[in-house]
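Pasted below: entry_10.txt, compact mmCIF, C-alpha atoms.
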# COMPACT_ATOMS: atom_id res chain seq x y z
CA MET A 1 321.38 220.33 113.49
CA ASP A 2 321.02 223.66 111.67
CA LEU A 3 317.27 223.63 111.15
CA ASP A 4 317.28 226.70 108.92
CA ALA A 5 319.82 225.06 106.60
CA GLU A 6 317.85 221.80 106.60
CA LEU A 7 314.69 223.73 105.84
CA LYS A 8 316.37 225.54 102.95
CA ASP A 9 317.56 222.25 101.48
CA ALA A 10 314.04 220.83 101.65
CA VAL A 11 312.12 223.86 100.42
CA ALA A 12 314.31 225.57 97.82
CA PRO A 13 314.01 222.76 95.21
CA LEU A 14 310.21 223.00 95.34
CA ILE A 15 310.05 226.64 94.26
CA GLY A 16 309.50 227.37 90.62
CA GLY A 17 307.75 230.64 89.80
CA GLY A 18 306.89 233.06 92.53
CA ALA A 19 308.45 233.61 95.93
CA VAL A 20 307.92 231.68 99.17
CA SER A 21 308.71 232.03 102.85
CA VAL A 22 307.96 229.47 105.56
CA ALA A 23 308.37 229.28 109.33
CA VAL A 24 307.69 226.33 111.63
CA ASP A 25 307.65 225.99 115.42
CA GLY A 26 307.64 222.33 116.37
CA GLY A 27 306.78 222.98 119.99
CA SER A 28 310.20 223.94 121.32
CA GLY A 29 309.66 227.66 120.84
CA ALA A 30 312.57 227.80 118.38
CA LEU A 31 311.72 228.79 114.82
CA ALA A 32 312.91 227.10 111.68
CA VAL A 33 312.68 229.75 108.96
CA TYR A 34 313.26 229.98 105.23
CA GLY A 35 313.02 233.13 103.09
CA ASP A 36 312.08 235.51 105.89
CA ALA A 37 314.03 238.52 104.65
CA ALA A 38 311.10 239.86 102.62
CA THR A 39 307.60 240.80 103.71
CA TYR A 40 304.45 239.57 101.96
CA ASP A 41 300.89 240.78 101.58
CA THR A 42 298.74 239.04 104.16
CA ALA A 43 295.54 238.85 102.09
CA SER A 44 292.97 237.13 104.34
CA ILE A 45 295.34 235.55 106.87
CA VAL A 46 295.25 239.00 108.51
CA LYS A 47 291.76 238.10 109.70
CA VAL A 48 293.28 236.00 112.49
CA ASN A 49 295.32 239.04 113.49
CA VAL A 50 292.18 241.20 113.43
CA LEU A 51 290.34 238.73 115.64
CA VAL A 52 293.20 238.59 118.13
CA ALA A 53 293.34 242.40 118.22
CA LEU A 54 289.57 242.48 118.83
CA LEU A 55 289.85 240.02 121.71
CA LEU A 56 292.66 242.03 123.29
CA LEU A 57 290.47 245.13 123.04
CA VAL A 58 287.53 243.32 124.62
CA GLN A 59 289.76 242.06 127.44
CA ASP A 60 291.09 245.58 128.05
CA GLU A 61 287.53 246.91 128.22
CA ARG A 62 286.55 244.10 130.61
CA ARG A 63 283.55 243.06 128.57
CA GLU A 64 282.32 240.21 126.42
CA LEU A 65 282.04 240.20 122.65
CA SER A 66 278.70 241.59 121.54
CA GLY A 67 276.34 239.42 119.53
CA ALA A 68 277.22 241.35 116.40
CA GLU A 69 280.94 240.96 117.05
CA HIS A 70 280.51 237.22 117.51
CA GLY A 71 278.67 237.02 114.20
CA PHE A 72 281.28 239.04 112.35
CA ALA A 73 284.14 237.04 113.89
CA GLU A 74 282.63 233.69 112.94
CA ALA A 75 281.89 234.78 109.37
CA MET A 76 285.34 236.36 109.02
CA ILE A 77 287.23 233.21 110.01
CA ARG A 78 284.94 230.38 108.93
CA ARG A 79 283.86 231.84 105.59
CA SER A 80 286.61 234.46 105.15
CA ASP A 81 283.86 237.05 104.78
CA ASN A 82 285.38 240.39 103.79
CA THR A 83 282.47 242.58 104.87
CA SER A 84 282.69 241.15 108.40
CA ALA A 85 286.44 241.73 108.42
CA THR A 86 285.94 245.36 107.46
CA ARG A 87 283.39 245.81 110.25
CA LEU A 88 285.80 244.45 112.86
CA TRP A 89 288.71 246.38 111.33
CA ARG A 90 286.82 249.53 112.24
CA VAL A 91 286.10 248.26 115.76
CA ILE A 92 289.80 247.67 116.50
CA GLY A 93 290.77 251.11 115.17
CA GLY A 94 291.99 250.15 111.69
CA ALA A 95 295.67 250.06 110.85
CA GLU A 96 296.67 251.99 113.97
CA GLY A 97 294.76 249.58 116.18
CA LEU A 98 296.29 246.52 114.54
CA ASP A 99 299.80 247.93 114.84
CA ALA A 100 299.20 248.62 118.54
CA ALA A 101 297.98 245.08 119.14
CA ASN A 102 300.94 243.66 117.25
CA ALA A 103 303.36 245.61 119.41
CA ARG A 104 301.92 243.75 122.40
CA LEU A 105 302.18 240.44 120.55
CA GLY A 106 305.81 240.93 119.54
CA LEU A 107 305.12 241.08 115.81
CA THR A 108 308.02 243.32 114.87
CA SER A 109 307.94 242.91 111.08
CA THR A 110 304.22 243.33 110.41
CA THR A 111 302.92 246.68 109.14
CA ALA A 112 299.19 247.28 108.84
CA ALA A 113 297.76 248.92 105.73
CA ASN A 114 294.56 250.93 105.49
CA ALA A 115 293.33 248.28 103.05
CA TRP A 116 293.64 245.40 105.53
CA GLY A 117 294.52 242.73 102.95
CA LEU A 118 297.63 244.68 101.98
CA THR A 119 299.08 244.48 105.48
CA ARG A 120 302.67 243.26 105.13
CA THR A 121 304.14 240.51 107.28
CA THR A 122 306.75 237.76 107.57
CA ALA A 123 306.36 234.04 108.12
CA SER A 124 308.14 234.27 111.49
CA ASP A 125 305.76 237.01 112.66
CA GLN A 126 302.80 234.84 111.71
CA VAL A 127 304.17 231.99 113.82
CA ARG A 128 304.53 234.45 116.71
CA LEU A 129 300.85 235.30 116.23
CA LEU A 130 299.99 231.60 116.27
CA ARG A 131 301.95 231.18 119.50
CA ALA A 132 299.64 233.71 121.15
CA VAL A 133 296.75 231.39 120.29
CA PHE A 134 298.26 227.89 120.53
CA GLY A 135 301.51 228.30 122.48
CA PRO A 136 302.08 228.25 126.25
CA ALA A 137 299.27 230.13 127.98
CA GLY A 138 301.61 231.98 130.30
CA GLU A 139 303.38 233.58 127.35
CA SER A 140 300.24 234.98 125.69
CA PRO A 141 298.37 238.21 126.43
CA LEU A 142 295.17 236.44 125.40
CA SER A 143 292.95 234.88 128.05
CA PRO A 144 292.32 231.11 127.94
CA ASP A 145 288.78 231.75 126.68
CA SER A 146 290.05 234.04 123.93
CA ARG A 147 292.65 231.49 122.85
CA ALA A 148 290.07 228.73 122.77
CA TYR A 149 287.69 230.88 120.72
CA VAL A 150 290.26 231.65 118.02
CA GLY A 151 291.35 228.02 117.84
CA GLU A 152 287.76 226.84 117.60
CA LEU A 153 286.96 229.10 114.66
CA MET A 154 290.19 228.21 112.86
CA GLY A 155 289.21 224.55 113.19
CA GLU A 156 285.86 225.15 111.50
CA VAL A 157 286.69 226.86 108.21
CA GLU A 158 284.46 225.91 105.29
CA ALA A 159 285.31 222.77 103.34
CA ASP A 160 286.57 224.58 100.25
CA GLN A 161 289.04 226.54 102.41
CA GLN A 162 290.61 223.59 104.21
CA TRP A 163 293.69 223.52 102.02
CA GLY A 164 297.14 224.83 102.87
CA VAL A 165 299.06 223.88 106.00
CA SER A 166 296.49 221.13 106.65
CA ALA A 167 298.39 219.11 104.02
CA ALA A 168 301.25 218.76 106.52
CA GLY A 169 299.37 216.95 109.29
CA THR A 170 296.12 216.26 111.06
CA GLY A 171 294.04 217.97 113.71
CA TRP A 172 294.48 221.27 111.90
CA SER A 173 293.29 224.76 112.78
CA LEU A 174 294.04 227.21 109.98
CA LYS A 175 293.33 230.36 108.02
CA ASN A 176 294.21 230.89 104.38
CA GLY A 177 294.58 234.00 102.27
CA TRP A 178 294.52 234.43 98.51
CA MET A 179 294.42 237.52 96.36
CA PRO A 180 295.20 238.44 92.74
CA ARG A 181 297.21 241.63 92.39
CA THR A 182 295.61 244.04 89.96
CA THR A 183 298.96 245.43 88.81
CA THR A 184 300.35 242.07 87.67
CA GLY A 185 297.47 239.61 87.59
CA LEU A 186 299.60 237.29 89.73
CA TRP A 187 298.36 235.68 92.93
CA ASP A 188 299.32 235.97 96.59
CA VAL A 189 298.56 232.66 98.36
CA ASN A 190 299.17 232.18 102.10
CA SER A 191 298.31 229.67 104.82
CA ILE A 192 298.86 229.74 108.58
CA GLY A 193 297.84 227.38 111.33
CA ARG A 194 298.45 224.52 113.72
CA VAL A 195 298.80 220.90 112.63
CA VAL A 196 299.79 217.66 114.36
CA ALA A 197 302.53 215.60 112.74
CA ASP A 198 304.27 212.57 114.27
CA GLY A 199 302.50 213.18 117.55
CA ARG A 200 303.65 216.78 117.92
CA SER A 201 301.90 220.11 117.44
CA HIS A 202 303.46 222.34 114.79
CA LEU A 203 302.73 226.01 114.16
CA VAL A 204 303.23 226.72 110.48
CA ALA A 205 303.12 229.81 108.27
CA VAL A 206 303.66 229.70 104.51
CA LEU A 207 303.58 233.01 102.60
CA SER A 208 303.92 233.28 98.83
CA ASP A 209 303.34 235.53 95.86
CA GLY A 210 303.84 235.73 92.11
CA HIS A 211 301.70 232.73 91.11
CA ALA A 212 300.06 232.53 87.69
CA THR A 213 296.93 230.98 89.24
CA LYS A 214 295.44 230.47 92.68
CA GLU A 215 295.64 226.71 92.15
CA ALA A 216 299.37 226.85 91.42
CA GLY A 217 299.86 228.85 94.60
CA ILE A 218 297.90 226.36 96.69
CA ALA A 219 299.90 223.45 95.30
CA LEU A 220 303.18 225.14 96.16
CA VAL A 221 302.05 226.22 99.63
CA GLU A 222 300.98 222.68 100.44
CA SER A 223 304.19 221.10 99.19
CA VAL A 224 306.27 223.62 101.14
CA ALA A 225 304.21 223.03 104.30
CA ARG A 226 304.69 219.26 104.05
CA ALA A 227 308.43 219.58 103.48
CA ALA A 228 308.92 222.11 106.27
CA VAL A 229 306.97 220.19 108.88
CA GLY A 230 308.78 217.04 107.81
CA VAL A 231 312.14 218.66 108.54
CA VAL A 232 311.11 219.89 111.98
CA ALA A 233 309.36 216.62 112.89
CA LYS A 234 312.43 214.63 111.87
CA ALA A 235 314.67 216.86 113.98
CA ALA A 236 312.42 216.24 116.98
CA GLY A 237 312.57 212.50 116.39
CA GLY A 238 308.81 212.23 115.99
CA THR A 239 308.30 212.00 119.75
CA ALA A 240 305.14 213.23 121.43
Step by step, read the file and then write its structure as structure tokens.
Amino acid sequence: MDLDAELKDAVAPLIGGGAVSVAVDGGSGALAVYGDAATYDTASIVKVNVLVALLLLVQDERRELSGAEHGFAEAMIRRSDNTSATRLWRVIGGAEGLDAANARLGLTSTTAANAWGLTRTTASDQVRLLRAVFGPAGESPLSPDSRAYVGELMGEVEADQQWGVSAAGTGWSLKNGWMPRTTTGLWDVNSIGRVVADGRSHLVAVLSDGHATKEAGIALVESVARAAVGVVAKAAGGTA
């Protein structure tokens, strides 16, 4: 089965206004990808990337997170607090620090911006980032404790931010991003995370832009996530 072709057939009819890209790893390590030729603004999904970069830095320095760093990390992921993200952005060395971390993570199509929310990325790169957290431990530069910490925070986002890839399954751990562009008034809406569907863990990234409203973007992201995970789960036969 050509998963990319199946994914295109499932996702393309859902897209009205705006642009969308989606990538799914159903546990085999192989990506099913649609619309990955373009890069998208990360908005607040970059906060997972910032946290991973911070944890790599802490590991390299052979120390624990400070109390302040813990507080900023929890607020940044659970509440999507921008001030906390900016504090940790400075700790990791800003755009240069994020790019260095991403080189270690194999994120080849992600380019950090000085304004962190304008970092550009692809859906497939975001799934590679998720693999560092939720994939096989031996393939990640993160320690088991670091992986568990990121997953824990992504499983505890506030109730009004539990939309997105969570629509595609259960047992989710996620981070969403949303941002109106001042030049157009149109919205970027993104969602990344891990969900369980048909007994299997799926890593999912949906990136989109050009929406008239945030709500329209959320609706499209959720429908795309459901369709994409459905394709990959069907291909796997729904086996655990």
Give me, as a Markdown table, each residue of range 187-219 of chain A that comes within 9 Å of range 116-134 of chain A, together with its shortest interatomic pair and the distance in Å at one decimal, counting all atoms listed in the file, with rows ordered by chain and rising residue number.
| residue | atom | partner | partner_atom | distance |
| --- | --- | --- | --- | --- |
| A:Ile192 | CA | A:Gln126 | CA | 7.2 |
| A:Gly193 | CA | A:Leu130 | CA | 6.8 |
| A:Arg194 | CA | A:Phe134 | CA | 7.6 |
| A:Leu203 | CA | A:Val127 | CA | 6.2 |
| A:Val204 | CA | A:Val127 | CA | 6.3 |
| A:Ala205 | CA | A:Ala123 | CA | 5.3 |
| A:Val206 | CA | A:Ala123 | CA | 6.3 |
| A:Leu207 | CA | A:Ala123 | CA | 6.3 |
| Non-local contacts of range 89-106 of chain A (6 Å; all atoms listed in the file; under 5 positions in same chain excluded) as a list in words |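 Using all atoms listed in the file, the neighbours found are Ala53, Leu54, Ala112, Ala113 and Asn114 of chain A.
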Selected residues written out with C-alpha atoms, as a PDB file, in the frame of the given file:
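Output below, filename result.pdb:
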ATOM      1  CA  ALA A  53     293.340 242.400 118.220  1.00  0.00           C
ATOM      2  CA  LEU A  54     289.570 242.480 118.830  1.00  0.00           C
ATOM      3  CA  ALA A 112     299.190 247.280 108.840  1.00  0.00           C
ATOM      4  CA  ALA A 113     297.760 248.920 105.730  1.00  0.00           C
ATOM      5  CA  ASN A 114     294.560 250.930 105.490  1.00  0.00           C
TER       6      ASN A 114
END
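Atom pair CA of Val196 in chain A / CA of Asp209 in chain A: separated by 26.0 Å.
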| request: Mind giving me the straight-line distance from CA of Gly151 in chain A to CA of Trp172 in chain A in Å, one decimal? | output: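 Between CA of Gly151 in chain A and CA of Trp172 in chain A the gap works out to 9.5 Å.
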| said: Under the rule that all atoms listed in the file are counted, which of A:Lys47, A:Leu107, A:Gln59, A:Val224 is the nearest residue to Ala85 in chain A? | reply: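 Of all the options, A:Lys47 lies closest to Ala85 in chain A.
Checking A:Asp9, A:Asp4, A:Glu61, A:Glu74 one by one against Leu153 in chain A, counting all atoms listed in the file, you find the shortest gap at A:Glu74.
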Could the centre and edge lengths of an axis-aligned box, enclosing all atoms of range 4-12 of chain A in the file with 4 Å extra on each side, be given in Å to one decimal as AutoDock Vina command-line options?
--center_x 316.0 --center_y 223.8 --center_z 103.4 --size_x 15.7 --size_y 13.9 --size_z 19.1
| Which neighbours of range 160-168 of chain A fall inside 10 Å, counting all atoms listed in the file, when residues of the same chain fewer than 4 positions from it are skipped, and could you give them as JSON, numbers by chain? | {"A": [78, 79, 80, 154, 155, 156, 172, 173, 174, 175, 176, 177, 189, 190, 191, 192, 193, 194, 195, 196, 197, 202, 203, 204, 205, 206, 217, 218, 219, 220, 221, 222, 223, 224, 225, 226, 227, 228, 229, 230]}
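You can rank A:Ser143, A:Gly18, A:Gly138, A:Phe72 by their closest distance to Thr213 in chain A using all atoms listed in the file, and at the top of that list sits A:Gly18.
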| field | Which of A:Ser201, A:Ala233, A:Val157, A:Ser21 sits closest to Gly171 in chain A [using all atoms listed in the file] | value |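 Once distances to Gly171 in chain A are computed over all atoms listed in the file, the minimum belongs to A:Ser201.
The space separating CA of Leu7 in chain A from CA of Ser140 in chain A comes to 27.0 Å.
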Go through range 144-230 of chain A and flag each residue having an atom no more than 12 Å from range 55-58 of chain A; for those, report the closest pair of atoms plus their distance in Å to one decimal, using only C-alpha atoms, ordered by chain and rising number, as a tab-separated table.
residue	atom	partner	partner_atom	distance
A:Pro144	CA	A:Leu55	CA	11.1
A:Asp145	CA	A:Leu55	CA	9.7
A:Ser146	CA	A:Leu55	CA	6.4
A:Arg147	CA	A:Leu55	CA	9.0
A:Ala148	CA	A:Leu55	CA	11.3
A:Tyr149	CA	A:Leu55	CA	9.4
A:Val150	CA	A:Leu55	CA	9.2
Any chance you could export the current selection's C-alpha atoms as a PDB file, in the coordinates of the input?
ATOM      1  CA  PRO A 144     292.320 231.110 127.940  1.00  0.00           C
ATOM      2  CA  ASP A 145     288.780 231.750 126.680  1.00  0.00           C
ATOM      3  CA  SER A 146     290.050 234.040 123.930  1.00  0.00           C
ATOM      4  CA  ARG A 147     292.650 231.490 122.850  1.00  0.00           C
ATOM      5  CA  ALA A 148     290.070 228.730 122.770  1.00  0.00           C
ATOM      6  CA  TYR A 149     287.690 230.880 120.720  1.00  0.00           C
ATOM      7  CA  VAL A 150     290.260 231.650 118.020  1.00  0.00           C
TER       8      VAL A 150
END
| query | Which one is closest to Ala73 in chain A: A:Val52, A:Ala5, A:Met179, A:Ala137? Count all atoms listed in the file. | reply | A:Val52
